[in-house]
file protein_36.csv (CSV, C-alpha atoms)
chain,number,residue,atom,x,y,z
V,1278,MET,CA,0.0,0.0,0.0
V,1279,ARG,CA,1.4,3.4,-1.0
V,1280,ILE,CA,0.3,6.3,1.2
V,1281,GLY,CA,1.8,9.7,0.3
V,1282,ALA,CA,2.2,12.8,2.5
V,1283,ILE,CA,2.5,16.5,1.7
V,1284,VAL,CA,3.7,19.1,4.2
V,1285,SER,CA,1.6,22.2,3.5
V,1286,GLU,CA,0.2,25.5,4.6
V,1287,TRP,CA,-2.5,25.9,1.9
V,1288,ASN,CA,-2.5,29.6,2.6
V,1289,PRO,CA,-4.8,29.6,0.6
V,1290,PHE,CA,-5.2,26.4,-1.4
V,1291,HIS,CA,-4.6,27.3,-5.1
V,1292,ASN,CA,-4.2,25.8,-8.5
V,1293,GLY,CA,-0.6,25.0,-8.0
V,1294,HIS,CA,-1.4,23.1,-4.9
V,1295,GLN,CA,-4.0,21.1,-6.8
V,1296,TYR,CA,-1.4,20.2,-9.4
V,1297,LEU,CA,0.9,19.0,-6.6
V,1298,LEU,CA,-1.9,16.8,-5.1
V,1299,GLU,CA,-2.7,15.3,-8.6
V,1300,ASN,CA,1.0,14.4,-9.0
V,1301,ALA,CA,1.1,13.0,-5.4
V,1302,ARG,CA,-1.9,10.7,-6.2
V,1303,GLN,CA,0.0,9.2,-9.1
V,1304,ILE,CA,2.9,8.4,-6.8
V,1305,ALA,CA,0.8,7.2,-3.9
V,1306,PRO,CA,-2.6,6.0,-5.2
V,1307,ASP,CA,-3.8,4.5,-1.9
V,1308,GLY,CA,-4.1,7.8,0.1
V,1309,ILE,CA,-2.8,11.3,0.5
V,1310,VAL,CA,-2.1,12.7,4.0
V,1311,CYS,CA,-1.5,16.5,4.4
V,1312,ILE,CA,0.2,17.8,7.5
V,1313,MET,CA,-0.8,21.5,7.5
V,1314,SER,CA,0.3,24.4,9.7
V,1315,GLY,CA,-2.6,25.8,11.7
V,1316,SER,CA,-3.0,29.4,12.6
V,1317,PHE,CA,0.5,30.6,11.4
V,1318,ALA,CA,2.7,30.2,8.4
V,1319,GLN,CA,6.4,29.5,8.4
V,1320,ARG,CA,7.3,33.0,7.2
V,1321,GLY,CA,5.8,34.5,10.3
V,1322,GLN,CA,2.4,35.4,9.0
V,1323,ILE,CA,-1.0,34.7,10.5
V,1324,ALA,CA,-2.8,32.5,8.0
V,1325,VAL,CA,-5.2,34.4,5.7
V,1326,MET,CA,-8.1,32.0,6.7
V,1327,ASN,CA,-8.5,29.8,9.7
V,1328,LYS,CA,-7.3,26.2,9.6
V,1329,TRP,CA,-10.8,24.7,9.4
V,1330,GLU,CA,-11.7,26.4,6.2
V,1331,ARG,CA,-8.3,25.5,4.7
V,1332,THR,CA,-8.8,21.9,5.8
V,1333,LYS,CA,-12.1,21.8,3.9
V,1334,MET,CA,-10.3,23.2,0.8
V,1335,ALA,CA,-7.7,20.4,1.0
V,1336,LEU,CA,-10.3,17.6,1.5
V,1337,SER,CA,-12.4,18.9,-1.3
V,1338,ASN,CA,-9.4,18.9,-3.7
V,1339,GLY,CA,-7.8,15.5,-3.3
V,1340,ALA,CA,-6.5,15.2,0.3
V,1341,ASP,CA,-7.8,12.2,2.3
V,1342,LEU,CA,-6.5,13.1,5.7
V,1343,VAL,CA,-5.4,16.5,7.1
V,1344,LEU,CA,-3.2,16.6,10.2
V,1345,GLU,CA,-2.1,19.7,12.1
V,1346,LEU,CA,1.6,20.7,12.2
V,1347,PRO,CA,2.0,22.1,15.7
V,1348,CYS,CA,2.6,25.8,16.0
V,1349,ILE,CA,6.1,25.4,17.5
V,1350,TYR,CA,7.2,23.8,14.2
V,1351,ALA,CA,5.0,25.9,11.9
V,1352,LEU,CA,6.7,29.1,13.3
V,1353,SER,CA,10.2,27.8,13.0
V,1354,PRO,CA,13.0,28.3,10.5
V,1355,ALA,CA,13.0,25.8,7.6
V,1356,ALA,CA,15.0,23.2,9.4
V,1357,GLY,CA,12.7,23.1,12.4
V,1358,PHE,CA,9.6,23.3,10.2
V,1359,ALA,CA,10.7,20.3,8.2
V,1360,ALA,CA,12.0,18.3,11.2
V,1361,GLY,CA,8.7,18.6,13.1
V,1362,ALA,CA,6.7,17.6,10.0
V,1363,VAL,CA,8.8,14.6,9.1
V,1364,ALA,CA,8.9,13.4,12.7
V,1365,SER,CA,5.1,13.6,12.9
V,1366,LEU,CA,4.7,11.7,9.6
V,1367,GLU,CA,7.2,9.1,10.6
V,1368,GLY,CA,5.1,8.7,13.8
V,1369,MET,CA,2.1,7.8,11.8
V,1370,GLY,CA,3.8,4.5,10.9
V,1371,VAL,CA,2.0,4.2,7.5
V,1372,ILE,CA,3.5,6.9,5.3
V,1373,THR,CA,5.5,5.4,2.4
V,1374,ASP,CA,6.2,8.6,0.3
V,1375,LEU,CA,6.8,12.3,0.9
V,1376,ILE,CA,6.0,14.5,-2.0
V,1377,PHE,CA,7.1,18.1,-2.2
V,1378,GLY,CA,7.2,20.9,-4.7
V,1379,THR,CA,10.5,22.3,-6.0
V,1380,GLU,CA,11.8,24.8,-8.4
V,1381,ASP,CA,14.3,22.3,-9.7
V,1382,ASP,CA,13.1,18.7,-10.3
V,1383,ASP,CA,16.5,17.3,-9.5
V,1384,LEU,CA,16.3,15.1,-6.5
V,1385,GLU,CA,19.9,14.0,-6.8
V,1386,THR,CA,21.3,17.5,-6.6
V,1387,LEU,CA,19.0,18.4,-3.7
V,1388,THR,CA,20.2,15.3,-1.9
V,1389,SER,CA,23.8,16.2,-2.5
V,1390,ILE,CA,23.2,19.7,-1.0
V,1391,ALA,CA,21.4,18.1,2.0
V,1392,ASP,CA,24.4,15.9,2.6
V,1393,VAL,CA,26.8,18.9,2.5
V,1394,LEU,CA,24.6,20.9,4.9
V,1395,GLU,CA,24.3,18.0,7.3
V,1396,ASN,CA,28.0,16.9,7.3
V,1397,GLU,CA,29.6,20.4,6.8
V,1398,PRO,CA,32.9,19.5,5.2
V,1399,PRO,CA,35.8,21.8,6.3
V,1400,ALA,CA,35.9,23.8,3.0
V,1401,PHE,CA,32.2,24.5,3.3
V,1402,THR,CA,32.5,25.7,6.9
V,1403,SER,CA,35.5,27.9,6.5
V,1404,THR,CA,34.0,29.6,3.4
V,1405,ILE,CA,30.8,30.5,5.3
V,1406,LEU,CA,32.9,32.0,8.2
V,1407,GLU,CA,35.0,34.1,5.7
V,1408,GLU,CA,31.9,35.3,3.9
V,1409,LEU,CA,30.1,36.3,7.1
V,1410,LYS,CA,33.2,38.3,8.2
V,1411,LEU,CA,32.9,40.2,5.0
V,1412,GLY,CA,29.4,41.3,6.0
V,1413,LYS,CA,27.5,38.9,3.7
V,1414,SER,CA,24.0,37.7,4.7
V,1415,PHE,CA,23.9,34.0,5.8
V,1416,PRO,CA,22.0,32.8,2.7
V,1417,THR,CA,24.6,34.5,0.5
V,1418,ALA,CA,27.4,33.1,2.5
V,1419,GLN,CA,25.9,29.6,2.3
V,1420,ASP,CA,25.5,29.8,-1.4
V,1421,THR,CA,29.2,30.8,-1.8
V,1422,ALA,CA,30.2,28.0,0.5
V,1423,LEU,CA,28.2,25.4,-1.4
V,1424,ALA,CA,29.8,26.6,-4.7
V,1425,SER,CA,33.2,25.7,-3.1
V,1426,VAL,CA,32.1,22.0,-2.9
V,1427,LEU,CA,29.3,21.7,-5.4
V,1428,SER,CA,28.6,23.1,-8.9
V,1429,GLU,CA,24.8,23.6,-8.4
V,1430,SER,CA,25.0,25.9,-5.4
V,1431,HIS,CA,22.3,28.3,-6.7
V,1432,VAL,CA,19.7,25.6,-6.3
V,1433,ALA,CA,19.8,25.8,-2.5
V,1434,SER,CA,18.6,29.4,-2.4
V,1435,ARG,CA,15.2,28.9,-4.1
V,1436,PRO,CA,12.3,29.0,-1.6
V,1437,ASN,CA,10.7,25.6,-2.4
V,1438,ASN,CA,14.1,24.0,-2.8
V,1439,ILE,CA,15.1,25.2,0.7
V,1440,LEU,CA,12.3,23.3,2.3
V,1441,ALA,CA,12.9,20.3,0.1
V,1442,ILE,CA,16.5,20.1,1.2
V,1443,GLU,CA,15.4,20.3,4.8
V,1444,TYR,CA,12.9,17.5,4.3
V,1445,LEU,CA,15.7,15.4,2.9
V,1446,ARG,CA,18.0,16.2,5.9
V,1447,ALA,CA,15.2,15.4,8.4
V,1448,LEU,CA,14.5,12.1,6.7
V,1449,GLY,CA,18.2,11.2,6.8
V,1450,LYS,CA,18.6,12.2,10.4
V,1451,ILE,CA,16.0,9.8,11.7
V,1452,GLY,CA,16.8,7.1,9.2
V,1453,SER,CA,13.3,7.2,7.9
V,1454,PRO,CA,12.2,4.6,5.2
V,1455,ILE,CA,9.8,7.2,3.7
V,1456,SER,CA,10.7,7.8,0.0
V,1457,PRO,CA,11.1,11.4,-1.1
V,1458,HIS,CA,9.7,12.7,-4.4
V,1459,SER,CA,10.1,16.1,-6.0
V,1460,VAL,CA,7.5,17.7,-8.3
V,1461,ARG,CA,8.6,20.8,-10.3
V,1462,ARG,CA,6.6,23.9,-9.5
V,1463,ILE,CA,4.7,25.3,-12.4
V,1464,GLY,CA,3.4,28.8,-13.1
V,1465,THR,CA,4.9,31.7,-11.1
V,1466,GLY,CA,7.7,31.7,-8.6
V,1467,HIS,CA,7.1,31.5,-4.8
V,1468,HIS,CA,7.6,35.3,-4.3
V,1469,ASP,CA,6.2,36.5,-7.6
V,1470,ILE,CA,3.5,39.1,-7.5
V,1471,LYS,CA,2.5,38.8,-11.1
V,1472,SER,CA,0.3,35.9,-12.3
V,1473,GLU,CA,0.8,33.5,-15.2
V,1474,GLY,CA,-2.4,32.2,-16.7
V,1475,ASN,CA,-4.4,30.6,-14.0
V,1476,PHE,CA,-1.4,30.3,-11.7
V,1477,ALA,CA,-0.3,32.8,-9.1
V,1478,SER,CA,1.8,32.5,-5.9
V,1479,ALA,CA,0.1,32.2,-2.6
V,1480,GLN,CA,1.6,35.5,-1.6
V,1481,ALA,CA,0.1,37.3,-4.7
V,1482,ILE,CA,-3.3,35.6,-4.0
V,1483,ARG,CA,-3.3,36.8,-0.4
V,1484,THR,CA,-2.5,40.3,-1.5
V,1485,ARG,CA,-5.4,40.2,-3.8
V,1486,MET,CA,-7.7,38.8,-1.2
V,1487,LEU,CA,-6.7,41.4,1.4
V,1488,GLN,CA,-7.0,44.3,-1.1
V,1489,ASN,CA,-10.4,43.1,-2.3
V,1490,GLU,CA,-9.2,42.4,-5.8
V,1491,PRO,CA,-10.2,39.4,-8.0
V,1492,TYR,CA,-8.4,36.2,-7.0
V,1493,GLU,CA,-10.9,33.5,-7.9
V,1494,ASN,CA,-9.2,32.4,-11.2
V,1495,PHE,CA,-6.2,31.2,-9.3
V,1496,LEU,CA,-8.1,28.8,-7.1
V,1497,PRO,CA,-10.0,25.6,-7.8
V,1498,PRO,CA,-13.7,26.3,-8.0
V,1499,ILE,CA,-14.5,24.2,-4.9
V,1500,ALA,CA,-12.0,26.3,-2.9
V,1501,VAL,CA,-13.6,29.5,-4.1
V,1502,ASP,CA,-17.0,28.2,-3.0
V,1503,ILE,CA,-15.7,27.3,0.5
V,1504,ILE,CA,-14.1,30.8,0.9
V,1505,GLN,CA,-17.3,32.6,-0.3
V,1506,LYS,CA,-19.5,30.5,2.1
V,1507,ALA,CA,-17.1,31.2,5.0
V,1508,ARG,CA,-17.1,34.9,4.2
V,1509,GLN,CA,-20.9,34.9,4.2
V,1510,ASN,CA,-20.8,33.3,7.7
V,1511,GLY,CA,-18.5,36.0,9.0
V,1512,THR,CA,-15.0,34.5,8.6
V,1513,PRO,CA,-12.5,37.3,7.8
V,1514,PHE,CA,-9.3,37.4,5.8
V,1515,LEU,CA,-6.4,37.8,8.2
V,1516,ALA,CA,-2.9,39.4,8.1
V,1517,ASN,CA,-0.3,40.5,10.5
V,1518,ASN,CA,-1.1,44.2,10.2
V,1519,ILE,CA,-4.6,43.5,11.5
V,1520,ALA,CA,-3.0,42.1,14.7
V,1521,GLU,CA,-0.7,45.1,15.0
V,1522,THR,CA,-1.9,46.1,18.5
V,1523,VAL,CA,-1.5,42.6,19.8
V,1524,LEU,CA,2.0,42.2,18.4
V,1525,LEU,CA,3.2,45.6,19.6
V,1526,SER,CA,1.8,45.3,23.1
V,1527,CYS,CA,3.3,41.8,23.6
V,1528,ILE,CA,6.8,42.9,22.6
V,1529,LYS,CA,6.7,46.4,24.3
V,1530,THR,CA,5.8,44.9,27.7
V,1531,LYS,CA,8.8,42.5,27.7
V,1532,THR,CA,12.1,43.1,29.5
V,1533,VAL,CA,15.4,42.5,27.7
V,1534,GLN,CA,15.8,39.3,29.7
V,1535,GLU,CA,12.3,38.0,28.6
V,1536,ILE,CA,13.0,38.8,25.0
V,1537,GLY,CA,16.3,36.9,25.3
V,1538,ARG,CA,14.4,33.8,26.2
V,1539,ILE,CA,12.3,33.9,23.0
V,1540,SER,CA,13.0,31.1,20.4
V,1541,GLU,CA,15.3,32.3,17.6
V,1542,VAL,CA,16.6,35.3,19.6
V,1543,THR,CA,20.4,34.9,19.6
V,1544,GLU,CA,23.7,36.9,19.5
V,1545,GLY,CA,22.3,39.8,21.5
V,1546,LEU,CA,19.4,40.4,19.2
V,1547,GLU,CA,17.2,40.9,22.3
V,1548,ASN,CA,18.9,44.3,22.9
V,1549,ARG,CA,18.2,45.5,19.4
V,1550,ILE,CA,14.6,44.4,19.6
V,1551,TYR,CA,14.1,46.0,23.1
V,1552,ARG,CA,15.6,49.3,22.1
V,1553,THR,CA,13.7,49.5,18.8
V,1554,ALA,CA,10.4,48.5,20.4
V,1555,MET,CA,10.6,51.4,22.8
V,1556,GLN,CA,11.2,53.9,20.0
V,1557,THR,CA,8.7,52.7,17.3
V,1558,LYS,CA,4.9,53.0,17.1
V,1559,THR,CA,3.9,50.9,14.1
V,1560,LEU,CA,4.5,47.2,13.3
V,1561,ASP,CA,6.1,47.9,10.0
V,1562,GLU,CA,8.5,50.5,11.5
V,1563,LEU,CA,9.5,48.1,14.2
V,1564,ILE,CA,10.2,45.3,11.7
V,1565,LEU,CA,12.2,47.5,9.3
V,1566,SER,CA,14.2,49.0,12.2
V,1567,ILE,CA,15.2,45.5,13.5
V,1568,LYS,CA,15.8,43.9,10.1
V,1569,THR,CA,19.4,43.5,8.9
V,1570,LYS,CA,21.2,41.4,6.3
V,1571,ARG,CA,21.6,38.7,9.0
V,1572,TYR,CA,18.2,39.0,10.5
V,1573,THR,CA,15.6,38.8,7.7
V,1574,ARG,CA,12.0,40.2,7.9
V,1575,THR,CA,10.7,36.6,8.0
V,1576,LYS,CA,12.7,35.8,11.0
V,1577,ILE,CA,11.7,39.0,12.8
V,1578,GLU,CA,8.0,38.4,12.1
V,1579,ARG,CA,8.2,34.9,13.5
V,1580,ILE,CA,10.0,36.2,16.6
V,1581,LEU,CA,7.3,38.9,17.2
V,1582,TRP,CA,4.6,36.3,17.4
V,1583,LYS,CA,6.4,34.1,19.9
V,1584,PRO,CA,6.0,36.2,23.1
V,1585,ALA,CA,2.2,36.1,22.7
V,1586,LEU,CA,2.2,32.4,22.1
V,1587,GLY,CA,4.7,31.5,24.8
V,1588,ILE,CA,7.3,29.9,22.5
V,1589,THR,CA,10.7,30.1,24.1
V,1590,LYS,CA,14.1,28.5,23.6
V,1591,GLU,CA,12.9,25.6,25.8
V,1592,ASN,CA,10.7,24.6,22.9
V,1593,ASP,CA,13.6,24.4,20.5
V,1594,ASN,CA,14.4,20.8,19.4
V,1595,SER,CA,11.2,19.5,21.1
V,1596,LEU,CA,9.9,16.3,19.5
V,1597,PRO,CA,6.3,15.8,18.6
V,1598,THR,CA,4.2,14.3,21.4
V,1599,TYR,CA,1.0,13.7,19.4
V,1600,ILE,CA,-0.6,13.7,16.0
V,1601,ARG,CA,-3.7,15.8,15.7
V,1602,VAL,CA,-6.4,15.1,13.1
V,1603,LEU,CA,-8.1,18.2,11.6
V,1604,GLY,CA,-10.2,16.4,8.9
V,1605,MET,CA,-10.7,13.3,6.8
V,1606,ASN,CA,-12.8,11.6,4.2
V,1607,GLU,CA,-13.7,7.9,4.0
V,1608,ARG,CA,-10.3,7.0,2.7
V,1609,GLY,CA,-8.8,9.0,5.4
V,1610,LYS,CA,-10.7,7.0,8.0
V,1611,SER,CA,-9.1,3.8,6.5
V,1612,ILE,CA,-5.6,5.4,6.8
V,1613,LEU,CA,-6.3,6.2,10.4
V,1614,ALA,CA,-7.5,2.6,11.0
V,1615,ALA,CA,-4.2,1.3,9.6
V,1616,ALA,CA,-2.2,3.8,11.6
V,1617,LYS,CA,-3.9,2.7,14.8
V,1618,TYR,CA,-1.7,-0.4,14.9
V,1619,ALA,CA,1.5,1.2,13.4
V,1620,ALA,CA,1.7,4.6,14.9
V,1621,THR,CA,4.4,5.4,17.5
V,1622,LEU,CA,2.7,8.7,18.5
V,1623,PRO,CA,-0.8,9.0,19.9
V,1624,ILE,CA,-3.3,10.1,17.2
V,1625,ILE,CA,-5.8,12.5,18.6
V,1626,GLY,CA,-9.2,13.6,17.3
V,1627,LYS,CA,-10.5,15.1,20.5
V,1628,PRO,CA,-8.4,18.0,21.9
V,1629,SER,CA,-9.7,17.3,25.4
V,1630,LEU,CA,-7.1,14.5,25.5
V,1631,LEU,CA,-4.3,17.0,25.2
V,1632,GLN,CA,-5.2,19.3,28.1
V,1633,ASN,CA,-1.9,18.6,29.9
V,1634,ASP,CA,0.3,18.7,26.8
V,1635,ASP,CA,2.7,21.6,26.6
V,1636,ILE,CA,2.9,21.7,22.8
V,1637,PHE,CA,-0.8,21.7,22.5
V,1638,ALA,CA,-1.1,24.5,25.1
V,1639,ILE,CA,0.7,26.7,22.6
V,1640,GLU,CA,-1.7,25.6,19.9
V,1641,ALA,CA,-4.7,26.6,22.1
V,1642,ARG,CA,-3.1,30.0,22.7
V,1643,ALA,CA,-2.7,30.5,19.0
V,1644,THR,CA,-6.4,29.8,18.4
V,1645,SER,CA,-7.3,32.1,21.3
V,1646,LEU,CA,-5.3,34.9,19.7
V,1647,CYS,CA,-6.8,34.4,16.3
V,1648,SER,CA,-10.3,34.4,17.8
V,1649,LEU,CA,-9.8,38.0,18.7
V,1650,LEU,CA,-9.7,38.6,14.9
V,1651,ASP,CA,-12.0,35.8,13.7
V,1652,ALA,CA,-15.1,35.5,15.9
V,1653,THR,CA,-16.2,32.3,14.1
V,1654,LEU,CA,-13.3,30.3,15.8
V,1655,LYS,CA,-14.2,28.1,18.7
V,1656,PRO,CA,-11.8,27.3,21.6
V,1657,GLU,CA,-9.6,24.4,20.8
V,1658,PHE,CA,-11.2,22.1,23.4
V,1659,GLN,CA,-14.6,22.5,21.8
V,1660,THR,CA,-13.6,21.4,18.3
V,1661,SER,CA,-13.8,18.0,16.4
V,1662,PRO,CA,-12.3,16.9,13.2
V,1663,ILE,CA,-14.1,17.6,9.9
V,1664,VAL,CA,-15.5,14.5,8.3
V,1665,MET,CA,-16.2,14.9,4.6
V,1666,LYS,CA,-18.1,12.5,2.4
V,1667,GLN,CA,-16.3,11.6,-0.9
call {"tool": "encode", "arguments": {"input": "protein_36.csv", "output": "structure tokens"}}
result
Amino acid sequence: MRIGAIVSEWNPFHNGHQYLLENARQIAPDGIVCIMSGSFAQRGQIAVMNKWERTKMALSNGADLVLELPCIYALSPAAGFAAGAVASLEGMGVITDLIFGTEDDDLETLTSIADVLENEPPAFTSTILEELKLGKSFPTAQDTALASVLSESHVASRPNNILAIEYLRALGKIGSPISPHSVRRIGTGHHDIKSEGNFASAQAIRTRMLQNEPYENFLPPIAVDIIQKARQNGTPFLANNIAETVLLSCIKTKTVQEIGRISEVTEGLENRIYRTAMQTKTLDELILSIKTKRYTRTKIERILWKPALGITKENDNSLPTYIRVLGMNERGKSILAAAKYAATLPIIGKPSLLQNDDIFAIEARATSLCSLLDATLKPEFQTSPIVMKQ
């Protein structure tokens, strides 16, 4: 039996995602499991729509089972994001294949890069240090270092490739038997604002949604229907600037020492954040004032959410303690039935079973925060998985 998995955000679910799912079904015809970030995306953004609506979109467009990627991984750098997802999928005990989108459909090169990053040969390490001393950003330094040991170094700096490489590293670290498969991204690039036919990046689509511009052509019709019904029922589109007061108040009320305990805050960055927070009055001004070549906007935005969520350095390197089900169809039920005897982590449908779990406590806080912006959200302990008929 071949059961495939996709690590996802579906923020929102668009035509490119449907293409990936269709390809995944050819690789793993017996079932597709999506592990999806909940309230927040990896780039430090609150999801444009809540996880329940995005779960419906996935199940309506080819996914059989949707699991939640815990917030501590969803709001992590690429390595932590991938490690949490892969460990969770391995814990299911039934996943045979991991399918991911890439800019370069060259699994051999991506695997070679993953090996270099994992083993860090001397020439690679020394070149990175030299480049950083010259004031280069870490991604630029890493590209130069990869070029010193590999010919295809540019591949490692492309957004989808970055995550693909981290999935490969994560699989290798735990010796997982799950087989990786890359699917070349079609249409526009990850950061492109312009569209190409019926394809646009999730970022471009979110911009259109938030600016009340047409976006429907870039999404499968069923996803559009789900969004329109949700909007009629009061579900809003969300973005970080809508939560500006929450973010600013959380960081402005912290001491230097408290900021220093936040996950991802290193090398004295807490001092820069503290000083800047005291001097700025808007979220964008705060981010731009903290941002440097070394500390990207994405990293800063992730950091700014973490005080409100209670994510500290103590959560770094935490292993998954459960697998939470967000939704399923009939085939998804069969996957869960098989996993019941193979899983090495508890598979949870009712959140009430997680009341004493530290990782889920952060998830509950994330939902509580989002409910300030989305009144349709219920507290986590009052929710149940979505069951969709095929």
call {"tool": "closest_residue", "arguments": {"input": "protein_36.csv", "among": "V:Thr1589, V:Asn1510, V:Thr1532, V:Ser1453", "to": "Met1369 in chain V", "atoms": "only C-alpha atoms"}}
result
V:Ser1453
call {"tool": "closest_residue", "arguments": {"input": "protein_36.csv", "among": "V:Ala1616, V:Ala1364, V:Leu1649, V:Met1486", "to": "Ile1504 in chain V", "atoms": "all atoms listed in the file"}}
result
V:Met1486
call {"tool": "residues_around", "arguments": {"input": "protein_36.csv", "residues": "Ser1425 in chain V", "least_positions_apart": "6", "cutoff": "8 Å", "atoms": "all atoms listed in the file", "output": "ChimeraX atom specification"}}
result
/V:1400-1401,1404
call {"tool": "residues_around", "arguments": {"input": "protein_36.csv", "residues": "Val1325 in chain V", "least_positions_apart": "2", "cutoff": "10 Å", "atoms": "all atoms listed in the file", "output": "ChimeraX atom specification"}}
result
/V:1287-1289,1316-1318,1322-1323,1327-1328,1331,1482-1484,1486-1487,1513-1517
call {"tool": "residues_around", "arguments": {"input": "protein_36.csv", "residues": "Ala1282 in chain V", "least_positions_apart": "3", "cutoff": "9 Å", "atoms": "all atoms listed in the file", "output": "number ranges by chain"}}
result
V: 1301, 1305, 1308-1312, 1366, 1372-1377
call {"tool": "atom_distance", "arguments": {"input": "protein_36.csv", "atom1": "CA of Ser1566 in chain V", "atom2": "CA of Lys1590 in chain V"}}
result
23.5 Å
call {"tool": "residues_around", "arguments": {"input": "protein_36.csv", "residues": "range 1383-1392 of chain V", "least_positions_apart": "3", "cutoff": "12 Å", "atoms": "only C-alpha atoms", "output": "ChimeraX atom specification"}}
result
/V:1356,1376-1380,1395-1398,1401,1419-1420,1422-1435,1437-1450,1456-1462
call {"tool": "atom_distance", "arguments": {"input": "protein_36.csv", "atom1": "CA of Asn1592 in chain V", "atom2": "CA of Thr1332 in chain V"}}
result
26.1 Å
call {"tool": "closest_residue", "arguments": {"input": "protein_36.csv", "among": "V:Asp1382, V:Glu1535, V:Glu1330, V:Glu1547", "to": "Gly1315 in chain V", "atoms": "all atoms listed in the file"}}
result
V:Glu1330
call {"tool": "residues_near_point", "arguments": {"input": "protein_36.csv", "point": "(-0.7, 27.5, 16.3)", "cutoff": "8 Å", "atoms": "all atoms listed in the file", "output": "PDB file with C-alpha atoms, in the frame of the given file"}}
result
ATOM      1  CA  SER V1314       0.300  24.400   9.700  1.00  0.00           C
ATOM      2  CA  GLY V1315      -2.600  25.800  11.700  1.00  0.00           C
ATOM      3  CA  SER V1316      -3.000  29.400  12.600  1.00  0.00           C
ATOM      4  CA  PHE V1317       0.500  30.600  11.400  1.00  0.00           C
ATOM      5  CA  PRO V1347       2.000  22.100  15.700  1.00  0.00           C
ATOM      6  CA  CYS V1348       2.600  25.800  16.000  1.00  0.00           C
ATOM      7  CA  ILE V1349       6.100  25.400  17.500  1.00  0.00           C
ATOM      8  CA  ALA V1351       5.000  25.900  11.900  1.00  0.00           C
ATOM      9  CA  ILE V1639       0.700  26.700  22.600  1.00  0.00           C
ATOM     10  CA  GLU V1640      -1.700  25.600  19.900  1.00  0.00           C
ATOM     11  CA  ALA V1641      -4.700  26.600  22.100  1.00  0.00           C
ATOM     12  CA  ARG V1642      -3.100  30.000  22.700  1.00  0.00           C
ATOM     13  CA  ALA V1643      -2.700  30.500  19.000  1.00  0.00           C
ATOM     14  CA  THR V1644      -6.400  29.800  18.400  1.00  0.00           C
TER      15      THR V1644
END
